[in-house]
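**Q** Okay, here's the structure, questions in a sec.
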Amino acid sequence: MGHKILLVEDDIATAQFIAKGFEEAGFTIDTCANGRDGLFLASEGSYATVVLDRMLPGMDGMSVLAALRAAGIKTPVIILSALGDSDARIAGLQAGCDDYLPKPFAFAELLARVNLLVRKGTNTVVETELRCDTLHLDLLARKAFRDGREIDLQPREFRLLEFLMRHPGEVVTRTMLLEGVWDYHFDPGTNIIDVHISRLRRKIDAGEEVPLLHTVRGAGYRLGTR
Amino acid sequence: MLKRLYRNTMVRFAAMIFVSMVLLVFVTLAFVQQTAEKKLQQEHQSIVSDIKGILLAKYDEGGTKSLAEHIERLIATRSRDQTIFLLTDPQGRPIAGNIAEWPKGLSAPTDWAEVPMVKVWNVTEQSVGVSTVRLRGGERLLVGHILEAKRLAQGSMREGLTLAFPASLVLAVLITIITVATIARKVDAVVAVTEAVRGGENGPRVPISGGGDVFDRLAFHINAMLDQQERLVGQLRVMTDGLAHDLRSPLTRLRSTIDRALVELDDAVAIAALEKVATEADALLLMLSTALQISRAEAGIGRENFTRTDLGGLLLEMADVYGPICEDRGIAISVVSDADRAVPVHRQLLSQAIANLIDNALKYAEGATKLRLSVESAGREIAVVVADNGKGIPDEQREQALRRFGRLDPERGMAGAGLGLSLAQAVAQLHDGRIELSDNHPGLRVSLILLVDPE
């Protein structure tokens with residue numbers, strides 16, 4: 001993909017871990033360890049996304065974010081924070097970040113969310129339909145078709161499928177699904193999302209040659225031909 | 001209803017003012033009237049006494065005949081017809097005078113008496129103050145004065161009272177309204193500040209007017225209390241933030257190390273072991289997060305993020321999310337709501353709390369076939385209820401269920417079980433409410449009660 005990412009994180013071990021992960025995923029990544037450098041780099045370079053730790057020495061993450069937004073820089077920012085409670089999240093969103101990930105996180109989660117932000121930045125078209133292989137979603141009529149035959153979906157199943165189809169080929173984590181489809185940010189104790197997905201899979205993949213809904217172990221799900 | 005009215009301080013106030021005003025007017029008028037009456041009476045008595053003296057002197061000089069003549073002359077010449085005379089012989093037959101007959105029952109001598117009588121040539125009866133004396137020859141002499149002034153005085157007192165009553169009522173109401181408004185304004189200032197601070201604002205304080213009165217003292221002490229509260233909450237915030245960061249950093253490194261290792265390892269046994277470690281690390285993290293959330297919610301942190309939410313809609317969404325898993329387990333989930341308006345709540349914390357309650361039901365309600373989510377409003381209290389028809393919790397174990405980290409069945413190795421109910425309790429507390437566990441006959445009924453302001 002070749003997109004450039006800026007990582008602002010003061011913890012060396014975490015920074016190395018994240019950087020390695022992104023490089024393996026095909027991104028170019030610049031790292032810095034304090035707020036001032038982060039602000040400096042973000043203002044001059046053109047990054048697809050900035051991954052910003054909240055607790056930084058010198059200038060803290062929220063101040064960096066505020067300064068970026070005040071300067072009119074619209075680069076998507078995802079904040080990593082040990083302050084995981086919903087009030088901190090709300091504060092972060094109000095200050096202008098695009099996503100907020102509490103620590104600790106599974107790298108797959110961070111990767112999936114960064115992918116989402118990168119793609120959002122390049123995509124400006126409003127779709128009326130989504131397609132993947134022989135799966136077709138009519139967004140206006142709210143109907144789904146596979147091989148031309150209509151699939152009977154409940155409203156929530158439609159929304160779930162729509163969310164997956166908007167991230168074709170990308171890993172979508174359970175938390176992203178909960179947030180994207182129902183706008184909830186809690187930790188579900190039981191595997192509620194898994195049950196939703198298995199039902200959806202039965203409806204769209206049953207009897208089909210090419211399964212489209214895949215489980216990615218340790219991460220989440222992916223809709224695609226592979 | 002009357003009792004409630006009595007307890008209302010302002011009504012008591014108004015009643016007190018009204019009663020005391022009326023009493024004051026009444027007492028003043030009565031006093032004035034009594035004094036006036038006395039004075040008038042003295043006046044009349046002295047007039048009568050003077051005339052009596054003159055007449056007695058005449059009798060001494062020239063006997064009955066002289067007296068009678070004098071009386072007739074007085075009657076003829078005195079233009080003031082306020083004076084009454086009567087001279088009778090020992091048998092009671094009138095000799096001279098301007099009344100027809102001796103009043104019944106009036107004896108002689110009498111110092112002073114008030115008698116109603118009719119004057120000659122008049123028709124109306126009037127009250128007369130008389131003094132009588134028995135003369136040496138057995139005749140009886142009566143001298144009197146019409147008590148016109150007294151009558152007038154009594155009349156004006158009655159008039160005064162009739163005027164005073166409605167006037168006092170109006171004045172009492174006016175004074176009460178002004179007083180009540182002044183006091184209410186002062187109290188409202190305090191209420192506004194305390195509400196703002198409880199709602200999460202930092203900074204507002206009750207204004208001190210500088211008059212040194214009881215309201216200033218109240219304001220001073222409330223401000224001091226608010227200062228202390230803000231300090232404590234601030235300290236708690238800093239502490240939980242610090243704790244979160246300090247504990248999460250090693251956990252982050254732990255997690256990332258596990259993630260990297262899982263990617264790089266080939267050994268199936270090692271991978272299985274690492275995945276178990278990852279699960280435990282996640283459980284540890286969940287407990288840490290929830291415990292911190294509970295502390296902050298109990299301290300009231302988060303009130304500034306309340307948003308108006310339709311609770312019925314919220315439950316429908318929750319039922320939507322949990323629908324499939326309930327179906328898989330043979331549990332029918334239903335939603336009932338009597339909420340007619342959106343109420344300000346912390347949407348995220350509340351949904352987390354409800355999710356916890358539903359999770360608990362799914363985990364522990366053995367034999368349950370129904371799960372009912374409902375919103376039940378009762379005035380200011382709105383209850384979000386999660387009820388199942390499983391095996392329930394016996395009475396004596398309910399308190400333990402609410403304790404942080406408390407679990408009813410220590411054998412069960414399910415992660416994060418004990419905290420779910422505690423978080424729900426802390427969230428209820430954040431909304432000025434509480435959690436109630438009760439029997440669902442059969443099953444468990446968990447009510448998350450929120451307190452909302454009446455609109």
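Each chain of the structure tokens is named A, B, ... in the order shown, its residues numbered from 1; ligands are numbered from 1 in display order.
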At a cut-off of 8 Å, which residues of chain A touch chain B? Count only C-alpha atoms and give the answer as a ChimeraX atom specification.

**A** /A:13-14,17,82-87,103-107,156,182,184-190,192-193,195-196,199

**Q** Can you write out the residues you just picked, keeping N, CA, C and O atoms, as a JSON list (two decimals), in the first residue's frame?

**A**
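Listing of result.json after writing:
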```json
[["chain", "number", "residue", "atom", "x", "y", "z"],
["A", 13, "ALA", "N", 9.58, -0.06, 23.95],
["A", 13, "ALA", "CA", 9.16, -1.42, 23.59],
["A", 13, "ALA", "C", 7.88, -1.39, 22.76],
["A", 13, "ALA", "O", 7.77, -2.03, 21.71],
["A", 14, "THR", "N", 6.91, -0.61, 23.22],
["A", 14, "THR", "CA", 5.65, -0.51, 22.49],
["A", 14, "THR", "C", 5.87, 0.07, 21.10],
["A", 14, "THR", "O", 5.31, -0.42, 20.11],
["A", 17, "PHE", "N", 7.41, -2.46, 18.76],
["A", 17, "PHE", "CA", 6.42, -3.47, 18.44],
["A", 17, "PHE", "C", 5.44, -2.98, 17.39],
["A", 17, "PHE", "O", 5.16, -3.66, 16.40],
["A", 82, "ALA", "N", -3.77, 4.82, 27.95],
["A", 82, "ALA", "CA", -3.99, 3.96, 29.11],
["A", 82, "ALA", "C", -5.27, 4.37, 29.82],
["A", 82, "ALA", "O", -5.84, 3.61, 30.58],
["A", 83, "LEU", "N", -5.74, 5.58, 29.55],
["A", 83, "LEU", "CA", -6.99, 6.04, 30.14],
["A", 83, "LEU", "C", -8.12, 5.51, 29.27],
["A", 83, "LEU", "O", -8.53, 6.14, 28.33],
["A", 84, "GLY", "N", -8.59, 4.33, 29.58],
["A", 84, "GLY", "CA", -9.55, 3.70, 28.70],
["A", 84, "GLY", "C", -11.00, 4.02, 28.96],
["A", 84, "GLY", "O", -11.86, 3.56, 28.25],
["A", 85, "ASP", "N", -11.31, 4.80, 29.98],
["A", 85, "ASP", "CA", -12.73, 4.92, 30.30],
["A", 85, "ASP", "C", -13.44, 5.81, 29.29],
["A", 85, "ASP", "O", -12.84, 6.58, 28.58],
["A", 86, "SER", "N", -14.74, 5.65, 29.23],
["A", 86, "SER", "CA", -15.50, 6.28, 28.15],
["A", 86, "SER", "C", -15.46, 7.80, 28.21],
["A", 86, "SER", "O", -15.60, 8.46, 27.21],
["A", 87, "ASP", "N", -15.26, 8.37, 29.40],
["A", 87, "ASP", "CA", -15.20, 9.83, 29.47],
["A", 87, "ASP", "C", -13.96, 10.34, 28.77],
["A", 87, "ASP", "O", -14.00, 11.36, 28.07],
["A", 103, "LYS", "N", -5.31, 1.21, 25.77],
["A", 103, "LYS", "CA", -4.25, 0.22, 25.96],
["A", 103, "LYS", "C", -4.64, -0.71, 27.08],
["A", 103, "LYS", "O", -5.25, -0.28, 28.05],
["A", 104, "PRO", "N", -4.17, -1.94, 27.05],
["A", 104, "PRO", "CA", -3.44, -2.54, 25.93],
["A", 104, "PRO", "C", -4.39, -3.00, 24.84],
["A", 104, "PRO", "O", -5.57, -3.22, 25.07],
["A", 105, "PHE", "N", -3.86, -3.13, 23.67],
["A", 105, "PHE", "CA", -4.70, -3.51, 22.54],
["A", 105, "PHE", "C", -3.98, -4.60, 21.78],
["A", 105, "PHE", "O", -2.77, -4.76, 21.87],
["A", 106, "ALA", "N", -4.75, -5.35, 21.06],
["A", 106, "ALA", "CA", -4.14, -6.34, 20.18],
["A", 106, "ALA", "C", -3.71, -5.59, 18.93],
["A", 106, "ALA", "O", -4.45, -4.74, 18.43],
["A", 107, "PHE", "N", -2.55, -5.87, 18.39],
["A", 107, "PHE", "CA", -2.07, -5.12, 17.24],
["A", 107, "PHE", "C", -3.03, -5.20, 16.06],
["A", 107, "PHE", "O", -3.19, -4.23, 15.31],
["A", 156, "ARG", "N", -30.51, -5.81, 11.52],
["A", 156, "ARG", "CA", -29.18, -5.78, 12.12],
["A", 156, "ARG", "C", -28.20, -6.60, 11.31],
["A", 156, "ARG", "O", -27.02, -6.26, 11.20],
["A", 182, "TRP", "N", -23.66, -0.82, 16.20],
["A", 182, "TRP", "CA", -24.60, -0.39, 17.24],
["A", 182, "TRP", "C", -24.14, 0.83, 18.01],
["A", 182, "TRP", "O", -24.83, 1.28, 18.90],
["A", 184, "TYR", "N", -21.81, 1.04, 20.26],
["A", 184, "TYR", "CA", -21.56, 0.73, 21.67],
["A", 184, "TYR", "C", -20.07, 0.52, 21.90],
["A", 184, "TYR", "O", -19.36, 0.00, 21.04],
["A", 185, "HIS", "N", -19.59, 0.91, 23.06],
["A", 185, "HIS", "CA", -18.16, 0.81, 23.32],
["A", 185, "HIS", "C", -17.86, -0.04, 24.53],
["A", 185, "HIS", "O", -16.83, 0.09, 25.15],
["A", 186, "PHE", "N", -18.77, -0.90, 24.89],
["A", 186, "PHE", "CA", -18.46, -1.71, 26.07],
["A", 186, "PHE", "C", -17.84, -3.03, 25.66],
["A", 186, "PHE", "O", -17.83, -3.41, 24.50],
["A", 187, "ASP", "N", -17.30, -3.71, 26.65],
["A", 187, "ASP", "CA", -16.74, -5.04, 26.39],
["A", 187, "ASP", "C", -17.82, -6.07, 26.59],
["A", 187, "ASP", "O", -18.30, -6.24, 27.71],
["A", 188, "PRO", "N", -18.24, -6.72, 25.56],
["A", 188, "PRO", "CA", -19.25, -7.75, 25.78],
["A", 188, "PRO", "C", -18.62, -8.95, 26.47],
["A", 188, "PRO", "O", -17.57, -9.41, 26.07],
["A", 189, "GLY", "N", -19.23, -9.41, 27.50],
["A", 189, "GLY", "CA", -18.64, -10.50, 28.26],
["A", 189, "GLY", "C", -18.67, -11.80, 27.50],
["A", 189, "GLY", "O", -17.75, -12.59, 27.53],
["A", 190, "THR", "N", -19.75, -12.03, 26.81],
["A", 190, "THR", "CA", -19.88, -13.28, 26.07],
["A", 190, "THR", "C", -19.61, -13.03, 24.59],
["A", 190, "THR", "O", -19.47, -11.90, 24.16],
["A", 192, "ILE", "N", -21.03, -12.47, 21.89],
["A", 192, "ILE", "CA", -22.25, -12.11, 21.18],
["A", 192, "ILE", "C", -22.00, -11.84, 19.70],
["A", 192, "ILE", "O", -22.80, -12.20, 18.84],
["A", 193, "ILE", "N", -20.87, -11.20, 19.41],
["A", 193, "ILE", "CA", -20.59, -10.87, 18.01],
["A", 193, "ILE", "C", -20.38, -12.15, 17.20],
["A", 193, "ILE", "O", -20.87, -12.28, 16.07],
["A", 195, "VAL", "N", -21.75, -14.96, 17.54],
["A", 195, "VAL", "CA", -23.03, -15.58, 17.22],
["A", 195, "VAL", "C", -23.70, -14.85, 16.05],
["A", 195, "VAL", "O", -24.24, -15.48, 15.14],
["A", 196, "HIS", "N", -23.62, -13.51, 16.09],
["A", 196, "HIS", "CA", -24.18, -12.73, 14.97],
["A", 196, "HIS", "C", -23.52, -13.14, 13.66],
["A", 196, "HIS", "O", -24.18, -13.33, 12.64],
["A", 199, "ARG", "N", -24.45, -16.60, 12.23],
["A", 199, "ARG", "CA", -25.76, -16.60, 11.58],
["A", 199, "ARG", "C", -25.70, -15.97, 10.20],
["A", 199, "ARG", "O", -26.29, -16.47, 9.24]]
```

**Q** Could you give me, as a list of chain:residue names, the residues within 9 Å of Gly58 in chain A, counting only C-alpha atoms and dropping anything in the same chain fewer than 4 positions from it?

**A**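 Selected residues are A:Asn34, A:Gly35, A:Arg36.
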
**Q** I need the residues from that last selection saved to file as a short mmCIF file (atom, residue, chain, number, x, y, z; two decimals), in the first residue's frame (with N, CA, C and O atoms), if you can.

**A**
```cif
data_model
loop_
_atom_site.label_atom_id
_atom_site.label_comp_id
_atom_site.auth_asym_id
_atom_site.auth_seq_id
_atom_site.Cartn_x
_atom_site.Cartn_y
_atom_site.Cartn_z
N ASN A 34 8.34 12.15 21.55
CA ASN A 34 7.75 13.17 22.41
C ASN A 34 6.77 14.03 21.61
O ASN A 34 6.75 13.99 20.38
N GLY A 35 5.99 14.82 22.31
CA GLY A 35 4.91 15.58 21.69
C GLY A 35 5.39 16.63 20.71
O GLY A 35 4.83 16.80 19.63
N ARG A 36 6.47 17.34 21.08
CA ARG A 36 6.93 18.43 20.20
C ARG A 36 7.38 17.92 18.85
O ARG A 36 7.00 18.45 17.80
#
```

**Q** As an exercise, work out the distance from CA of Leu430 in chain B to CA of Val233 in chain B in Å and give it to one decimal place.

**A**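 Distance reported for this atom pair: 13.3 Å.
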
**Q** Set the distance at 10 Å and use only C-alpha atoms: which residues neighbour Ile12 in chain A once local chain neighbours fewer than 3 positions away are removed? I'd like the list as a list in words.

**A**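 Close residues of Ile12 in chain A: Glu9, Ala15, Gln16, Phe17, Ile18, Cys32 and Ala33 of chain A; Arg253 of chain B.
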
**Q** Got time to write the residues from that selection, all heavy atoms, as a short mmCIF file (atom, residue, chain, number, x, y, z; two decimals), in the first residue's frame?

**A**
```
data_model
loop_
_atom_site.label_atom_id
_atom_site.label_comp_id
_atom_site.auth_asym_id
_atom_site.auth_seq_id
_atom_site.Cartn_x
_atom_site.Cartn_y
_atom_site.Cartn_z
N GLU A 9 5.03 7.84 20.23
CA GLU A 9 4.91 6.96 21.40
C GLU A 9 6.22 6.98 22.16
O GLU A 9 7.29 6.78 21.57
CB GLU A 9 4.57 5.54 20.92
CG GLU A 9 4.72 4.44 21.97
CD GLU A 9 3.71 4.53 23.12
OE1 GLU A 9 2.51 4.35 22.86
OE2 GLU A 9 4.14 4.78 24.26
N ALA A 15 6.70 1.11 21.03
CA ALA A 15 6.94 1.76 19.74
C ALA A 15 7.56 0.78 18.74
O ALA A 15 7.15 0.71 17.59
CB ALA A 15 7.85 2.98 19.93
N GLN A 16 8.54 0.02 19.21
CA GLN A 16 9.18 -0.93 18.31
C GLN A 16 8.20 -1.97 17.83
O GLN A 16 8.16 -2.34 16.65
CB GLN A 16 10.34 -1.63 19.04
CG GLN A 16 11.59 -0.79 19.09
CD GLN A 16 12.69 -1.48 19.89
OE1 GLN A 16 12.44 -2.46 20.58
NE2 GLN A 16 13.89 -0.95 19.78
N PHE A 17 7.41 -2.46 18.76
CA PHE A 17 6.42 -3.47 18.44
C PHE A 17 5.44 -2.98 17.39
O PHE A 17 5.16 -3.66 16.40
CB PHE A 17 5.71 -3.86 19.74
CG PHE A 17 4.45 -4.61 19.55
CD1 PHE A 17 4.46 -5.90 19.06
CD2 PHE A 17 3.23 -4.04 19.86
CE1 PHE A 17 3.29 -6.61 18.89
CE2 PHE A 17 2.05 -4.74 19.70
CZ PHE A 17 2.09 -6.02 19.21
N ILE A 18 4.93 -1.77 17.59
CA ILE A 18 3.96 -1.22 16.65
C ILE A 18 4.61 -0.97 15.29
O ILE A 18 4.06 -1.32 14.24
CB ILE A 18 3.34 0.09 17.19
CG1 ILE A 18 2.50 -0.18 18.44
CG2 ILE A 18 2.48 0.75 16.13
CD1 ILE A 18 1.91 1.07 19.07
N CYS A 32 8.49 8.95 16.57
CA CYS A 32 9.15 9.90 17.44
C CYS A 32 8.63 9.70 18.86
O CYS A 32 7.59 9.07 19.04
CB CYS A 32 8.94 11.34 16.97
SG CYS A 32 7.22 11.81 16.90
N ALA A 33 9.40 10.23 19.83
CA ALA A 33 9.11 9.84 21.21
C ALA A 33 8.58 10.96 22.11
O ALA A 33 8.41 10.76 23.30
CB ALA A 33 10.37 9.24 21.85
N ARG B 253 2.78 -3.99 27.34
CA ARG B 253 3.99 -4.69 26.88
C ARG B 253 3.78 -6.19 26.94
O ARG B 253 4.19 -6.93 26.04
CB ARG B 253 5.18 -4.28 27.75
CG ARG B 253 5.67 -2.86 27.45
CD ARG B 253 7.01 -2.61 28.09
NE ARG B 253 6.89 -2.38 29.52
CZ ARG B 253 6.68 -1.19 30.05
NH1 ARG B 253 6.56 -0.14 29.29
NH2 ARG B 253 6.58 -1.07 31.37
#
```

**Q** Quick one: residues within 12 Å of Arg93 in chain B, only C-alpha atoms counted, chain neighbours fewer than 2 positions away excluded, as a PyMOL selection string?

**A** chain B and resi 86-91+95-97+99-103+138-141

**Q** Store the residues picked out above in a file with N, CA and C atoms, as a compact mmCIF listing (two decimals), in the first residue's frame.

**A**
```txt
# COMPACT_ATOMS: atom_id res chain seq x y z
N LEU B 86 -86.60 64.03 84.96
CA LEU B 86 -87.91 63.56 85.41
C LEU B 86 -88.01 63.73 86.91
N LEU B 87 -89.10 64.39 87.32
CA LEU B 87 -89.37 64.54 88.75
C LEU B 87 -90.73 63.89 89.01
N THR B 88 -90.73 62.89 89.93
CA THR B 88 -92.02 62.26 90.24
C THR B 88 -92.33 62.42 91.71
N ASP B 89 -93.67 62.29 92.01
CA ASP B 89 -94.07 62.32 93.43
C ASP B 89 -93.77 60.96 94.03
N PRO B 90 -93.92 60.81 95.32
CA PRO B 90 -93.58 59.54 95.97
C PRO B 90 -94.34 58.36 95.36
N GLN B 91 -95.47 58.61 94.75
CA GLN B 91 -96.22 57.48 94.17
C GLN B 91 -95.75 57.16 92.75
N ILE B 95 -94.15 64.83 87.81
CA ILE B 95 -94.45 66.20 88.13
C ILE B 95 -93.90 67.10 87.03
N ALA B 96 -92.64 66.86 86.65
CA ALA B 96 -92.01 67.64 85.56
C ALA B 96 -90.97 66.76 84.86
N GLY B 97 -90.74 67.12 83.59
CA GLY B 97 -89.68 66.33 82.91
C GLY B 97 -89.94 66.20 81.42
N ILE B 99 -89.51 63.06 79.87
CA ILE B 99 -89.84 61.69 79.48
C ILE B 99 -91.17 61.34 80.10
N ALA B 100 -91.83 60.37 79.52
CA ALA B 100 -93.21 60.09 79.90
C ALA B 100 -93.32 59.44 81.27
N GLU B 101 -92.49 58.48 81.57
CA GLU B 101 -92.64 57.77 82.84
C GLU B 101 -91.30 57.34 83.38
N TRP B 102 -91.33 56.97 84.67
CA TRP B 102 -90.12 56.49 85.33
C TRP B 102 -89.78 55.12 84.77
N PRO B 103 -88.52 54.94 84.36
CA PRO B 103 -88.15 53.66 83.77
C PRO B 103 -88.38 52.52 84.75
N GLY B 138 -89.70 62.46 99.55
CA GLY B 138 -90.14 61.17 99.00
C GLY B 138 -90.20 61.18 97.48
N GLU B 139 -90.07 62.42 96.89
CA GLU B 139 -90.08 62.45 95.43
C GLU B 139 -88.79 61.85 94.88
N ARG B 140 -88.92 61.50 93.59
CA ARG B 140 -87.73 60.93 92.96
C ARG B 140 -87.32 61.82 91.81
N LEU B 141 -86.02 62.06 91.73
CA LEU B 141 -85.48 62.91 90.67
C LEU B 141 -84.56 62.08 89.80
```

**Q** Can you tell me, as a list of chain:residue names, what residues are no more than 6 Å from range 12-26 of chain B when counting only C-alpha atoms, ignoring any on the same chain fewer than 2 positions away?

**A**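 Counting only the stated atoms, we get B:Thr9, B:Met10, B:Thr28, B:Leu29, B:Ala30, B:Leu169, B:Ala172, B:Thr176.
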
**Q** List every residue of range 324-439 of chain B that DSSP, applied to the backbone of this structure, assigns to strand (DSSP E), and report them as number ranges by chain.

**A** B: 332-337, 343-345, 370-378, 381-388, 434-439

**Q** I need the residues from that last selection saved to file as a short mmCIF file (atom, residue, chain, number, x, y, z; two decimals), in the first residue's frame (with N, CA, C and O atoms), if you can.

**A**
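Result written to selection-v4.cif:
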```cif
data_model
loop_
_atom_site.label_atom_id
_atom_site.label_comp_id
_atom_site.auth_asym_id
_atom_site.auth_seq_id
_atom_site.Cartn_x
_atom_site.Cartn_y
_atom_site.Cartn_z
N ALA B 332 -35.92 -16.62 25.32
CA ALA B 332 -36.68 -15.61 24.58
C ALA B 332 -36.45 -14.26 25.24
O ALA B 332 -36.72 -14.06 26.42
N ILE B 333 -35.93 -13.30 24.45
CA ILE B 333 -35.65 -11.99 25.02
C ILE B 333 -36.74 -11.01 24.58
O ILE B 333 -37.14 -10.99 23.42
N SER B 334 -37.25 -10.23 25.52
CA SER B 334 -38.32 -9.30 25.19
C SER B 334 -38.05 -7.94 25.84
O SER B 334 -37.33 -7.85 26.84
N VAL B 335 -38.64 -6.91 25.23
CA VAL B 335 -38.43 -5.56 25.74
C VAL B 335 -39.78 -4.89 25.97
O VAL B 335 -40.65 -4.93 25.10
N VAL B 336 -39.95 -4.28 27.15
CA VAL B 336 -41.18 -3.55 27.45
C VAL B 336 -40.76 -2.20 28.03
O VAL B 336 -39.87 -2.13 28.86
N SER B 337 -41.38 -1.13 27.53
CA SER B 337 -40.98 0.17 28.07
C SER B 337 -42.19 1.08 28.27
O SER B 337 -43.06 1.15 27.42
N VAL B 343 -34.40 10.86 28.71
CA VAL B 343 -33.87 11.36 29.98
C VAL B 343 -32.35 11.43 29.90
O VAL B 343 -31.72 10.65 29.19
N PRO B 344 -31.76 12.39 30.63
CA PRO B 344 -30.30 12.52 30.58
C PRO B 344 -29.61 11.40 31.35
O PRO B 344 -29.82 11.25 32.55
N VAL B 345 -28.81 10.61 30.64
CA VAL B 345 -28.05 9.53 31.28
C VAL B 345 -26.68 9.45 30.63
O VAL B 345 -26.46 10.03 29.56
N LYS B 370 -36.66 -17.28 29.68
CA LYS B 370 -37.11 -15.94 29.30
C LYS B 370 -36.21 -14.89 29.91
O LYS B 370 -35.79 -15.00 31.07
N LEU B 371 -35.93 -13.86 29.13
CA LEU B 371 -35.18 -12.73 29.62
C LEU B 371 -35.96 -11.48 29.23
O LEU B 371 -36.25 -11.25 28.07
N ARG B 372 -36.34 -10.69 30.26
CA ARG B 372 -37.19 -9.55 29.98
C ARG B 372 -36.46 -8.26 30.36
O ARG B 372 -36.03 -8.10 31.49
N LEU B 373 -36.31 -7.38 29.38
CA LEU B 373 -35.72 -6.08 29.64
C LEU B 373 -36.86 -5.07 29.67
O LEU B 373 -37.66 -5.03 28.75
N SER B 374 -36.92 -4.26 30.72
CA SER B 374 -38.03 -3.31 30.77
C SER B 374 -37.61 -1.98 31.38
O SER B 374 -36.64 -1.90 32.13
N VAL B 375 -38.36 -0.96 31.01
CA VAL B 375 -38.21 0.36 31.62
C VAL B 375 -39.50 0.61 32.37
O VAL B 375 -40.58 0.59 31.80
N GLU B 376 -39.36 0.85 33.69
CA GLU B 376 -40.56 1.09 34.50
C GLU B 376 -40.41 2.42 35.21
O GLU B 376 -39.52 2.60 36.02
N SER B 377 -41.29 3.37 34.85
CA SER B 377 -41.18 4.70 35.44
C SER B 377 -42.13 4.84 36.62
O SER B 377 -43.26 4.38 36.58
N ALA B 378 -41.62 5.49 37.67
CA ALA B 378 -42.48 5.79 38.82
C ALA B 378 -42.08 7.16 39.33
O ALA B 378 -41.24 7.29 40.21
N GLU B 381 -38.32 8.22 39.77
CA GLU B 381 -37.49 7.02 39.68
C GLU B 381 -37.81 6.27 38.40
O GLU B 381 -38.94 5.91 38.15
N ILE B 382 -36.76 6.05 37.60
CA ILE B 382 -36.96 5.23 36.40
C ILE B 382 -36.11 3.99 36.57
O ILE B 382 -34.90 4.08 36.76
N ALA B 383 -36.74 2.83 36.51
CA ALA B 383 -36.02 1.58 36.72
C ALA B 383 -35.81 0.87 35.40
O ALA B 383 -36.73 0.71 34.61
N VAL B 384 -34.54 0.48 35.17
CA VAL B 384 -34.23 -0.38 34.03
C VAL B 384 -34.09 -1.78 34.62
O VAL B 384 -33.23 -2.03 35.45
N VAL B 385 -34.97 -2.68 34.20
CA VAL B 385 -35.04 -3.99 34.86
C VAL B 385 -34.63 -5.10 33.91
O VAL B 385 -35.06 -5.15 32.76
N VAL B 386 -33.74 -5.99 34.42
CA VAL B 386 -33.38 -7.19 33.69
C VAL B 386 -33.88 -8.36 34.52
O VAL B 386 -33.42 -8.58 35.64
N ALA B 387 -34.84 -9.08 33.97
CA ALA B 387 -35.44 -10.16 34.76
C ALA B 387 -35.37 -11.47 34.00
O ALA B 387 -35.62 -11.52 32.80
N ASP B 388 -35.02 -12.52 34.72
CA ASP B 388 -34.98 -13.84 34.08
C ASP B 388 -35.83 -14.81 34.90
O ASP B 388 -36.22 -14.51 36.03
N ARG B 434 -29.92 3.39 42.57
CA ARG B 434 -29.44 2.21 43.30
C ARG B 434 -29.80 0.95 42.52
O ARG B 434 -30.55 1.00 41.53
N ILE B 435 -29.25 -0.18 42.99
CA ILE B 435 -29.59 -1.49 42.41
C ILE B 435 -30.46 -2.23 43.40
O ILE B 435 -30.22 -2.18 44.60
N GLU B 436 -31.49 -2.88 42.88
CA GLU B 436 -32.31 -3.71 43.76
C GLU B 436 -32.41 -5.10 43.17
O GLU B 436 -32.72 -5.25 41.99
N LEU B 437 -32.14 -6.09 44.01
CA LEU B 437 -32.29 -7.48 43.58
C LEU B 437 -33.56 -8.03 44.22
O LEU B 437 -33.76 -7.86 45.43
N SER B 438 -34.38 -8.65 43.41
CA SER B 438 -35.58 -9.22 44.02
C SER B 438 -35.96 -10.51 43.31
O SER B 438 -35.42 -10.86 42.26
N ASP B 439 -36.90 -11.18 43.90
CA ASP B 439 -37.34 -12.47 43.37
C ASP B 439 -38.28 -12.22 42.20
O ASP B 439 -39.20 -11.42 42.29
#
```

**Q** With only C-alpha atoms as the basis for distance, which of A:Met55, A:Leu200, A:Ala88, A:Leu110 is at the shortest distance from Arg237 in chain B?

**A**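 When distances to Arg237 in chain B are compared using only C-alpha atoms, the smallest one comes from A:Ala88.
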
**Q** Give me, as number ranges by chain, all polymer residues having an atom no more than 12 Å from Met225 in chain B, counting only C-alpha atoms and skipping those fewer than 3 positions away in the same chain.

**A** B: 193-194, 197, 205-206, 218-222, 228-232

**Q** Step one, run DSSP on the backbone; step two, keep only residues of range 24-213 of chain A assigned to helix (DSSP H, G or I); then write them as a ChimeraX atom specification.

**A** /A:24,35-44,61-70,86-95,107-122,155-165,174-182,192-205
